[in-house]
Amino acid sequence: ETGVTQSPTHLIKTRGQQVTLRCSSQSGHNTVSWYQQALGQGPQFIFQYYREEENGRGNFPPRFSGLQFPNYSSELNVNALELDDSALYLCASTGTGTSGVGELFFGEGSRLTVL
Amino acid sequence: TQLLEQSPQFLSIQEGENLTVYCNSSSVFSSLQWYRQEPGEGPVLLVTVVTGGEVKKLKRLTFQFGDARKDSSLHITAAQPGDTGLYLCAALVGSQGNLIFGKGTKLSVKP
């Protein structure tokens, strides 16, 4: 079983630039979520994709956008980067655990630094 | 706004000690999850608790869900250096299962 993989692992951008982060979901998982984790904080929900459609969104501006592809892989795009966008971006795919509750399987994240 | 408050924020202990970390909210949740995150990695799910008063054990880790389903605790017995990491509690909100997380407890276990 292949886990969640993300790329790139680290990247540095300057203010105003655009970035695309990529995620391959765990085999068999059709739901992908993206989270932003600032230093010293817990992850914050950005949005979720299910069968190529956005299926829920957190409190993030429209310059955060995403895509999901037919193979369930996903992209997170951020336009007009700001310094506060510096964070670890985590992708997670959703499976159903033995408790019957959705369980998230996270990738290792993409560390974005905005200068 | 639903918030999860975790305490303590930081904890540094010696190998062999016991510890408890807490996750509290004013909201009622249908379930709570605990994750551990190590530096440079994504969070890894440890447990899901779904029933008020439920206690789950995972080796030296004991998780409890409060009777009112507003709070949870994680107790570690005889901590080891391998337990070092950021412990996050999280709750499912929304119909499609997006999570809200607490800020976490950063645990350091010294040999």
# chains A, B, ... in the order shown; residues from 1 in each chain; ligands from 1
$ residues_around --residues "Ala80 in chain A" --least-positions-apart "4" --cutoff "12 Å" --atoms "only C-alpha atoms" --output "number ranges by chain"
A: 13-20, 61-65, 84-85, 114
$ closest_atom_pairs --of "chain B" --to "chain A" --cutoff "8 Å" --atoms "only C-alpha atoms" --output "CSV"
residue,atom,partner,partner_atom,distance
B:Ser31,CA,A:Val101,CA,7.9
B:Gly40,CA,A:Glu108,CA,6.7
B:Glu41,CA,A:Glu108,CA,4.3
B:Gly42,CA,A:Glu108,CA,4.4
B:Pro43,CA,A:Phe106,CA,6.1
B:Val44,CA,A:Phe106,CA,6.9
B:Leu45,CA,A:Leu104,CA,7.3
B:Thr48,CA,A:Ser99,CA,6.9
B:Val49,CA,A:Ser99,CA,7.8
B:Val50,CA,A:Ser99,CA,7.5
B:Leu88,CA,A:Gly42,CA,7.1
B:Gln96,CA,A:Gly56,CA,7.4
B:Gly97,CA,A:Gly102,CA,6.5
B:Asn98,CA,A:Phe45,CA,6.8
B:Leu99,CA,A:Phe45,CA,6.7
B:Ile100,CA,A:Gln44,CA,6.7
B:Phe101,CA,A:Gly42,CA,5.5
B:Gly102,CA,A:Gly42,CA,5.6
B:Lys103,CA,A:Gly42,CA,4.2
B:Gly104,CA,A:Gly42,CA,6.1
$ write_last_selection --atoms "all heavy atoms" --output "compact mmCIF listing (two decimals), in the first residue's frame"
# COMPACT_ATOMS: atom_id res chain seq x y z
N SER B 31 -16.53 12.74 18.08
CA SER B 31 -15.33 11.93 18.26
C SER B 31 -14.13 12.85 18.41
O SER B 31 -14.18 14.03 18.04
CB SER B 31 -15.11 10.99 17.07
OG SER B 31 -14.88 11.73 15.88
N GLY B 40 9.74 17.28 10.89
CA GLY B 40 9.93 16.99 9.48
C GLY B 40 8.97 15.97 8.91
O GLY B 40 9.12 15.55 7.76
N GLU B 41 7.98 15.59 9.70
CA GLU B 41 7.01 14.60 9.21
C GLU B 41 5.59 15.09 9.43
O GLU B 41 5.33 16.04 10.16
CB GLU B 41 7.23 13.28 9.93
CG GLU B 41 8.61 12.69 9.69
CD GLU B 41 8.76 11.31 10.28
OE1 GLU B 41 7.77 10.74 10.74
OE2 GLU B 41 9.90 10.81 10.26
N GLY B 42 4.65 14.42 8.78
CA GLY B 42 3.25 14.73 8.98
C GLY B 42 2.72 14.03 10.22
O GLY B 42 3.33 13.09 10.73
N PRO B 43 1.57 14.47 10.74
CA PRO B 43 0.97 13.81 11.89
C PRO B 43 0.58 12.37 11.58
O PRO B 43 0.16 12.06 10.46
CB PRO B 43 -0.28 14.66 12.17
CG PRO B 43 -0.05 15.97 11.49
CD PRO B 43 0.79 15.65 10.30
N VAL B 44 0.69 11.51 12.58
CA VAL B 44 0.31 10.10 12.45
C VAL B 44 -0.77 9.82 13.49
O VAL B 44 -0.60 10.12 14.67
CB VAL B 44 1.51 9.16 12.67
CG1 VAL B 44 1.06 7.71 12.65
CG2 VAL B 44 2.56 9.41 11.60
N LEU B 45 -1.87 9.25 13.03
CA LEU B 45 -2.99 8.97 13.93
C LEU B 45 -2.62 7.91 14.95
O LEU B 45 -2.07 6.85 14.62
CB LEU B 45 -4.20 8.49 13.11
CG LEU B 45 -5.44 8.14 13.92
CD1 LEU B 45 -6.03 9.38 14.56
CD2 LEU B 45 -6.48 7.46 13.03
N THR B 48 -8.67 7.02 17.82
CA THR B 48 -9.94 7.73 17.71
C THR B 48 -10.82 7.29 18.86
O THR B 48 -10.98 6.08 19.08
CB THR B 48 -10.64 7.42 16.38
OG1 THR B 48 -9.79 7.77 15.29
CG2 THR B 48 -11.95 8.19 16.28
N VAL B 49 -11.38 8.24 19.60
CA VAL B 49 -12.35 7.91 20.65
C VAL B 49 -13.70 8.47 20.25
O VAL B 49 -13.78 9.60 19.76
CB VAL B 49 -11.92 8.43 22.03
CG1 VAL B 49 -10.80 7.57 22.59
CG2 VAL B 49 -11.47 9.89 21.99
N VAL B 50 -14.75 7.67 20.44
CA VAL B 50 -16.06 8.06 19.92
C VAL B 50 -17.16 8.06 20.98
O VAL B 50 -18.21 8.66 20.77
CB VAL B 50 -16.50 7.16 18.75
CG1 VAL B 50 -15.54 7.30 17.59
CG2 VAL B 50 -16.61 5.71 19.17
N LEU B 88 -0.99 16.08 19.11
CA LEU B 88 -2.10 16.93 18.65
C LEU B 88 -3.42 16.23 18.88
O LEU B 88 -3.56 15.05 18.55
CB LEU B 88 -1.96 17.20 17.15
CG LEU B 88 -0.75 18.03 16.71
CD1 LEU B 88 -0.43 17.75 15.24
CD2 LEU B 88 -1.02 19.50 16.91
N GLN B 96 -18.14 16.40 5.85
CA GLN B 96 -17.19 15.58 5.10
C GLN B 96 -15.92 15.30 5.86
O GLN B 96 -14.96 14.80 5.29
CB GLN B 96 -16.88 16.23 3.75
CG GLN B 96 -18.08 16.32 2.85
CD GLN B 96 -18.73 14.96 2.62
OE1 GLN B 96 -18.07 13.96 2.49
NE2 GLN B 96 -20.06 14.94 2.61
N GLY B 97 -15.89 15.64 7.13
CA GLY B 97 -14.78 15.17 7.95
C GLY B 97 -13.52 15.98 7.91
O GLY B 97 -12.43 15.43 7.97
N ASN B 98 -13.64 17.29 7.79
CA ASN B 98 -12.42 18.07 7.98
C ASN B 98 -12.16 18.20 9.47
O ASN B 98 -13.07 18.19 10.30
CB ASN B 98 -12.52 19.44 7.32
CG ASN B 98 -13.80 20.17 7.66
OD1 ASN B 98 -14.85 19.79 7.19
ND2 ASN B 98 -13.71 21.20 8.48
N LEU B 99 -10.87 18.28 9.82
CA LEU B 99 -10.45 18.29 11.21
C LEU B 99 -10.11 19.69 11.68
O LEU B 99 -9.55 20.48 10.93
CB LEU B 99 -9.21 17.42 11.38
CG LEU B 99 -9.35 15.91 11.26
CD1 LEU B 99 -7.97 15.26 11.30
CD2 LEU B 99 -10.21 15.36 12.38
N ILE B 100 -10.45 19.97 12.96
CA ILE B 100 -9.82 21.10 13.63
C ILE B 100 -8.83 20.51 14.62
O ILE B 100 -9.08 19.47 15.23
CB ILE B 100 -10.83 22.01 14.35
CG1 ILE B 100 -11.67 21.24 15.37
CG2 ILE B 100 -11.74 22.70 13.35
CD1 ILE B 100 -12.43 22.14 16.31
N PHE B 101 -7.69 21.17 14.74
CA PHE B 101 -6.62 20.70 15.61
C PHE B 101 -6.40 21.69 16.74
O PHE B 101 -6.60 22.91 16.58
CB PHE B 101 -5.31 20.61 14.81
CG PHE B 101 -5.19 19.41 13.93
CD1 PHE B 101 -5.71 19.43 12.65
CD2 PHE B 101 -4.54 18.27 14.37
CE1 PHE B 101 -5.59 18.33 11.82
CE2 PHE B 101 -4.41 17.17 13.54
CZ PHE B 101 -4.94 17.19 12.26
N GLY B 102 -5.92 21.14 17.87
CA GLY B 102 -5.36 21.99 18.89
C GLY B 102 -3.96 22.41 18.48
O GLY B 102 -3.44 21.95 17.46
N LYS B 103 -3.33 23.27 19.31
CA LYS B 103 -1.98 23.72 18.98
C LYS B 103 -0.93 22.68 19.32
O LYS B 103 0.22 22.78 18.89
CB LYS B 103 -1.67 25.01 19.72
CG LYS B 103 -2.44 26.21 19.22
CD LYS B 103 -1.98 27.49 19.89
CE LYS B 103 -2.72 28.69 19.31
NZ LYS B 103 -2.27 29.95 19.95
N GLY B 104 -1.31 21.68 20.11
CA GLY B 104 -0.40 20.60 20.41
C GLY B 104 0.37 20.75 21.71
O GLY B 104 0.49 21.85 22.25
$ residues_around --residues "range 58-71 of chain B" --least-positions-apart "2" --cutoff "10 Å" --atoms "only C-alpha atoms" --output "PyMOL selection string"
chain B and resi 4-6+18-34+46-56+73-80+83+89
$ residues_around --residues "Val109 in chain B" --least-positions-apart "6" --cutoff "10 Å" --atoms "only C-alpha atoms" --output "number ranges by chain"
B: 11-17, 79-85
$ write_last_selection --atoms "C-alpha atoms" --output "compact mmCIF listing (two decimals), in the first residue's frame"
# COMPACT_ATOMS: atom_id res chain seq x y z
CA LEU B 11 6.64 19.29 28.59
CA SER B 12 10.19 18.13 29.27
CA ILE B 13 10.62 15.03 31.41
CA GLN B 14 13.11 12.28 32.19
CA GLU B 15 12.86 8.78 30.83
CA GLY B 16 10.67 6.61 33.05
CA GLU B 17 8.37 9.38 34.27
CA ALA B 79 7.92 7.64 29.02
CA GLN B 80 10.77 6.79 26.66
CA PRO B 81 12.88 9.02 24.38
CA GLY B 82 11.00 7.55 21.42
CA ASP B 83 7.82 9.20 22.74
CA THR B 84 9.31 12.62 21.97
CA GLY B 85 7.16 14.59 19.56
$ residues_around --residues "Gln26 in chain A" --least-positions-apart "3" --cutoff "7 Å" --atoms "only C-alpha atoms" --output "VMD selection string"
chain A and resid 2 to 4 29 93
$ select_by_dssp --residues "range 22-76 of chain B" --states "strand (DSSP E or B)" --output "ChimeraX atom specification"
/B:22-24,32-37,44-49,55-58,61-65,71-76
$ atom_distance --atom1 "CA of Cys23 in chain A" --atom2 "CA of Leu76 in chain A"
8.3 Å
$ atom_distance --atom1 "CA of Phe10 in chain B" --atom2 "CA of Pro111 in chain B"
17.3 Å
$ residues_around --residues "Leu112 in chain A" --least-positions-apart "2" --cutoff "6 Å" --atoms "only C-alpha atoms" --output "VMD selection string"
chain A and resid 11 to 12 86 to 87
